[in-house]
Amino acid sequence: MDARYGAQQQETERQLTPNELACLEAVRLLAEDDVEPSQIASVLGTDPEMVMRLLYLVNASAEGLPNRVDSLQQAIVLLGPTKITGLVMASLISSSVKNIDNLWLLIARGAACRELAGGDDAAYTVGLLSALANETGIPTRTLAERTRVSREASAALILHEGPLGRILQAVIAHEHHDRDPPGQLT
């Protein structure tokens, strides 16, 4: 672990907004293996703007579908967890990110982590949540608990431990133009 990049930093608790809580609950559900679309719809359905975004996205890409999609549950099935997670995270980020450059930093950190991990989506999540914590001030421990990521992802996010933690450290070192990043990645 390398304290240079914020692992185990002192984090002050702040109250999460209802939108942040709903987004984090949706991310948690979307990461589960066996979840019903109705469960996801019940969480996302409480946010009219999110419903609008999902329906717009599914209908914008529905050129091959015989009919327009009007059901949130059907949109969830058609879009799949990866696209929906991205949209939910973008919503969470946009509610607190100050400018578009910061949004790109969040996405880039997640993408860089995934690339270094050989396409592992868990690495993308760790990178994205890490950058989200930096940008919003939400403690990494809170994000890990609310999204209920795996123990490995949680250790990487909070302590920068394990293979994903080393990858996260390397990406953050690169962001800081550190020519001497922490040890071996895997």
# chains A, B, ... in the order shown; residues from 1 in each chain; ligands from 1

call {"tool": "residues_around", "arguments": {"residues": "Ser91 (chain A)", "least_positions_apart": "6", "cutoff": "9 Å", "atoms": "only C-alpha atoms", "output": "VMD selection string"}}
result
chain A and resid 19 to 20 23 50

call {"tool": "write_last_selection", "arguments": {"atoms": "C-alpha atoms", "output": "mmCIF file, in the first residue's frame"}}
result
data_model
loop_
_atom_site.group_PDB
_atom_site.id
_atom_site.type_symbol
_atom_site.label_atom_id
_atom_site.label_comp_id
_atom_site.auth_asym_id
_atom_site.auth_seq_id
_atom_site.Cartn_x
_atom_site.Cartn_y
_atom_site.Cartn_z
ATOM 1 C CA ASN A 19 -30.297 10.589 -5.605
ATOM 2 C CA GLU A 20 -26.820 9.387 -4.614
ATOM 3 C CA CYS A 23 -27.725 5.489 -7.791
ATOM 4 C CA MET A 50 -33.252 8.554 -15.051
#

call {"tool": "residues_around", "arguments": {"residues": "Thr140 (chain A)", "least_positions_apart": "2", "cutoff": "12 Å", "atoms": "only C-alpha atoms", "output": "PyMOL selection string"}}
result
chain A and resi 6-14+126-138+142-149+153-160

call {"tool": "write_last_selection", "arguments": {"atoms": "N, CA, C and O atoms", "output": "short mmCIF file (atom, residue, chain, number, x, y, z; two decimals), in the first residue's frame"}}
result
data_model
loop_
_atom_site.label_atom_id
_atom_site.label_comp_id
_atom_site.auth_asym_id
_atom_site.auth_seq_id
_atom_site.Cartn_x
_atom_site.Cartn_y
_atom_site.Cartn_z
N GLY A 6 -3.57 8.32 -1.58
CA GLY A 6 -4.84 8.42 -0.89
C GLY A 6 -5.38 7.16 -0.24
O GLY A 6 -6.47 7.18 0.29
N ALA A 7 -4.68 6.04 -0.29
CA ALA A 7 -5.18 4.84 0.38
C ALA A 7 -5.21 5.11 1.87
O ALA A 7 -4.30 5.69 2.44
N GLN A 8 -6.27 4.71 2.50
CA GLN A 8 -6.50 4.87 3.93
C GLN A 8 -6.39 6.33 4.36
O GLN A 8 -6.00 6.63 5.47
N GLN A 9 -6.76 7.24 3.47
CA GLN A 9 -6.74 8.64 3.85
C GLN A 9 -7.85 8.90 4.85
O GLN A 9 -8.83 8.18 4.91
N GLN A 10 -7.68 9.93 5.63
CA GLN A 10 -8.73 10.30 6.56
C GLN A 10 -9.92 10.81 5.76
O GLN A 10 -9.79 11.75 4.98
N GLU A 11 -11.02 10.16 5.93
CA GLU A 11 -12.21 10.55 5.18
C GLU A 11 -13.27 11.01 6.15
O GLU A 11 -13.54 10.34 7.15
N THR A 12 -13.84 12.15 5.88
CA THR A 12 -14.91 12.64 6.73
C THR A 12 -16.24 12.22 6.12
O THR A 12 -16.42 12.27 4.92
N GLU A 13 -17.12 11.79 6.97
CA GLU A 13 -18.44 11.36 6.52
C GLU A 13 -19.26 12.57 6.11
O GLU A 13 -19.15 13.64 6.68
N ARG A 14 -20.04 12.38 5.09
CA ARG A 14 -21.02 13.38 4.70
C ARG A 14 -22.29 12.64 4.36
O ARG A 14 -22.26 11.46 4.01
N VAL A 126 -13.61 -0.25 -9.83
CA VAL A 126 -12.69 0.25 -8.79
C VAL A 126 -12.15 1.62 -9.20
O VAL A 126 -12.14 2.56 -8.41
N GLY A 127 -11.71 1.74 -10.45
CA GLY A 127 -11.18 3.02 -10.91
C GLY A 127 -12.22 4.11 -10.89
O GLY A 127 -11.96 5.23 -10.44
N LEU A 128 -13.40 3.79 -11.37
CA LEU A 128 -14.48 4.78 -11.42
C LEU A 128 -14.89 5.22 -10.01
O LEU A 128 -15.02 6.42 -9.74
N LEU A 129 -15.06 4.27 -9.10
CA LEU A 129 -15.45 4.62 -7.74
C LEU A 129 -14.36 5.40 -7.02
O LEU A 129 -14.64 6.32 -6.25
N SER A 130 -13.11 5.07 -7.28
CA SER A 130 -12.00 5.80 -6.69
C SER A 130 -12.01 7.26 -7.14
O SER A 130 -11.89 8.19 -6.32
N ALA A 131 -12.18 7.48 -8.43
CA ALA A 131 -12.22 8.84 -8.96
C ALA A 131 -13.46 9.57 -8.46
O ALA A 131 -13.40 10.77 -8.16
N LEU A 132 -14.57 8.86 -8.35
CA LEU A 132 -15.80 9.46 -7.83
C LEU A 132 -15.59 9.93 -6.39
O LEU A 132 -16.01 11.02 -6.02
N ALA A 133 -14.92 9.12 -5.60
CA ALA A 133 -14.62 9.50 -4.21
C ALA A 133 -13.78 10.77 -4.18
O ALA A 133 -14.06 11.70 -3.39
N ASN A 134 -12.77 10.83 -5.02
CA ASN A 134 -11.93 12.03 -5.07
C ASN A 134 -12.72 13.26 -5.47
O ASN A 134 -12.54 14.34 -4.92
N GLU A 135 -13.60 13.10 -6.44
CA GLU A 135 -14.33 14.24 -6.98
C GLU A 135 -15.44 14.73 -6.06
O GLU A 135 -15.65 15.92 -5.92
N THR A 136 -16.16 13.81 -5.43
CA THR A 136 -17.35 14.18 -4.66
C THR A 136 -17.12 14.31 -3.17
O THR A 136 -17.94 14.89 -2.47
N GLY A 137 -16.03 13.72 -2.69
CA GLY A 137 -15.80 13.72 -1.25
C GLY A 137 -16.52 12.60 -0.52
O GLY A 137 -16.48 12.52 0.70
N ILE A 138 -17.20 11.74 -1.26
CA ILE A 138 -17.82 10.57 -0.64
C ILE A 138 -16.70 9.61 -0.28
O ILE A 138 -15.91 9.25 -1.14
N THR A 142 -17.54 4.29 2.19
CA THR A 142 -18.99 4.44 1.99
C THR A 142 -19.39 3.93 0.61
O THR A 142 -20.39 3.20 0.48
N LEU A 143 -18.61 4.28 -0.41
CA LEU A 143 -18.93 3.80 -1.76
C LEU A 143 -18.84 2.28 -1.83
O LEU A 143 -19.70 1.63 -2.43
N ALA A 144 -17.82 1.70 -1.20
CA ALA A 144 -17.67 0.24 -1.21
C ALA A 144 -18.83 -0.43 -0.49
O ALA A 144 -19.36 -1.44 -0.95
N GLU A 145 -19.22 0.13 0.65
CA GLU A 145 -20.32 -0.46 1.42
C GLU A 145 -21.64 -0.32 0.68
O GLU A 145 -22.43 -1.27 0.63
N ARG A 146 -21.90 0.85 0.12
CA ARG A 146 -23.18 1.09 -0.55
C ARG A 146 -23.34 0.29 -1.83
O ARG A 146 -24.43 -0.12 -2.18
N THR A 147 -22.23 0.12 -2.57
CA THR A 147 -22.32 -0.63 -3.82
C THR A 147 -22.12 -2.12 -3.59
O THR A 147 -22.37 -2.91 -4.50
N ARG A 148 -21.67 -2.48 -2.41
CA ARG A 148 -21.44 -3.88 -2.02
C ARG A 148 -20.55 -4.61 -3.02
O ARG A 148 -20.85 -5.74 -3.43
N VAL A 149 -19.47 -3.93 -3.42
CA VAL A 149 -18.52 -4.58 -4.32
C VAL A 149 -17.85 -5.73 -3.58
O VAL A 149 -17.92 -5.84 -2.36
N ALA A 153 -12.43 -5.99 -4.60
CA ALA A 153 -12.64 -4.62 -5.10
C ALA A 153 -12.65 -3.62 -3.96
O ALA A 153 -12.10 -2.52 -4.07
N SER A 154 -13.25 -3.99 -2.85
CA SER A 154 -13.29 -3.13 -1.68
C SER A 154 -11.89 -2.85 -1.15
O SER A 154 -11.53 -1.71 -0.86
N ALA A 155 -11.06 -3.90 -1.03
CA ALA A 155 -9.68 -3.73 -0.56
C ALA A 155 -8.89 -2.85 -1.53
O ALA A 155 -8.07 -2.02 -1.11
N ALA A 156 -9.13 -3.02 -2.81
CA ALA A 156 -8.44 -2.21 -3.81
C ALA A 156 -8.87 -0.75 -3.69
O ALA A 156 -8.03 0.16 -3.72
N LEU A 157 -10.14 -0.53 -3.53
CA LEU A 157 -10.69 0.82 -3.46
C LEU A 157 -10.27 1.55 -2.19
O LEU A 157 -9.81 2.69 -2.23
N ILE A 158 -10.40 0.88 -1.06
CA ILE A 158 -10.16 1.53 0.22
C ILE A 158 -8.68 1.55 0.60
O ILE A 158 -8.15 2.56 1.05
N LEU A 159 -8.00 0.41 0.41
CA LEU A 159 -6.62 0.25 0.90
C LEU A 159 -5.57 0.19 -0.21
O LEU A 159 -4.38 0.13 0.09
N HIS A 160 -6.02 0.13 -1.46
CA HIS A 160 -5.13 -0.05 -2.61
C HIS A 160 -4.35 -1.35 -2.48
O HIS A 160 -3.19 -1.43 -2.84
#

call {"tool": "select_by_dssp", "arguments": {"residues": "region 68-182 of chain A", "states": "helix (DSSP H, G or I)", "output": "PyMOL selection string"}}
result
chain A and resi 72-94+100-116+121-136+140-147+151-159+162-175

call {"tool": "closest_residue", "arguments": {"among": "A:Thr82, A:Gln73, A:Ser42, A:Asn67", "to": "Val27 (chain A)", "atoms": "only C-alpha atoms"}}
result
A:Thr82

call {"tool": "residues_around", "arguments": {"residues": "Val35 (chain A)", "least_positions_apart": "6", "cutoff": "12 Å", "atoms": "only C-alpha atoms", "output": "VMD selection string"}}
result
chain A and resid 26 to 29 41 to 42 76 to 77 80 to 81

call {"tool": "residues_around", "arguments": {"residues": "Leu55 (chain A)", "least_positions_apart": "2", "cutoff": "7 Å", "atoms": "only C-alpha atoms", "output": "NGL selection string"}}
result
:A and (51-53 or 57-59 or 69-70 or 72 or 75)

call {"tool": "closest_residue", "arguments": {"among": "A:Ile84, A:Leu16, A:Leu116, A:Ile107", "to": "Leu30 (chain A)", "atoms": "only C-alpha atoms"}}
result
A:Ile84

call {"tool": "closest_residue", "arguments": {"among": "A:Leu164, A:Ile93, A:Val88, A:Val43", "to": "Gly119 (chain A)", "atoms": "only C-alpha atoms"}}
result
A:Leu164

call {"tool": "closest_residue", "arguments": {"among": "A:Ala22, A:Ala122, A:Ile40, A:Ile167", "to": "Ser150 (chain A)", "atoms": "only C-alpha atoms"}}
result
A:Ala122

call {"tool": "atom_distance", "arguments": {"atom1": "CA of Pro163 (chain A)", "atom2": "CA of Ala117 (chain A)"}}
result
8.4 Å

call {"tool": "atom_distance", "arguments": {"atom1": "CA of Thr85 (chain A)", "atom2": "CA of Leu105 (chain A)"}}
result
17.1 Å
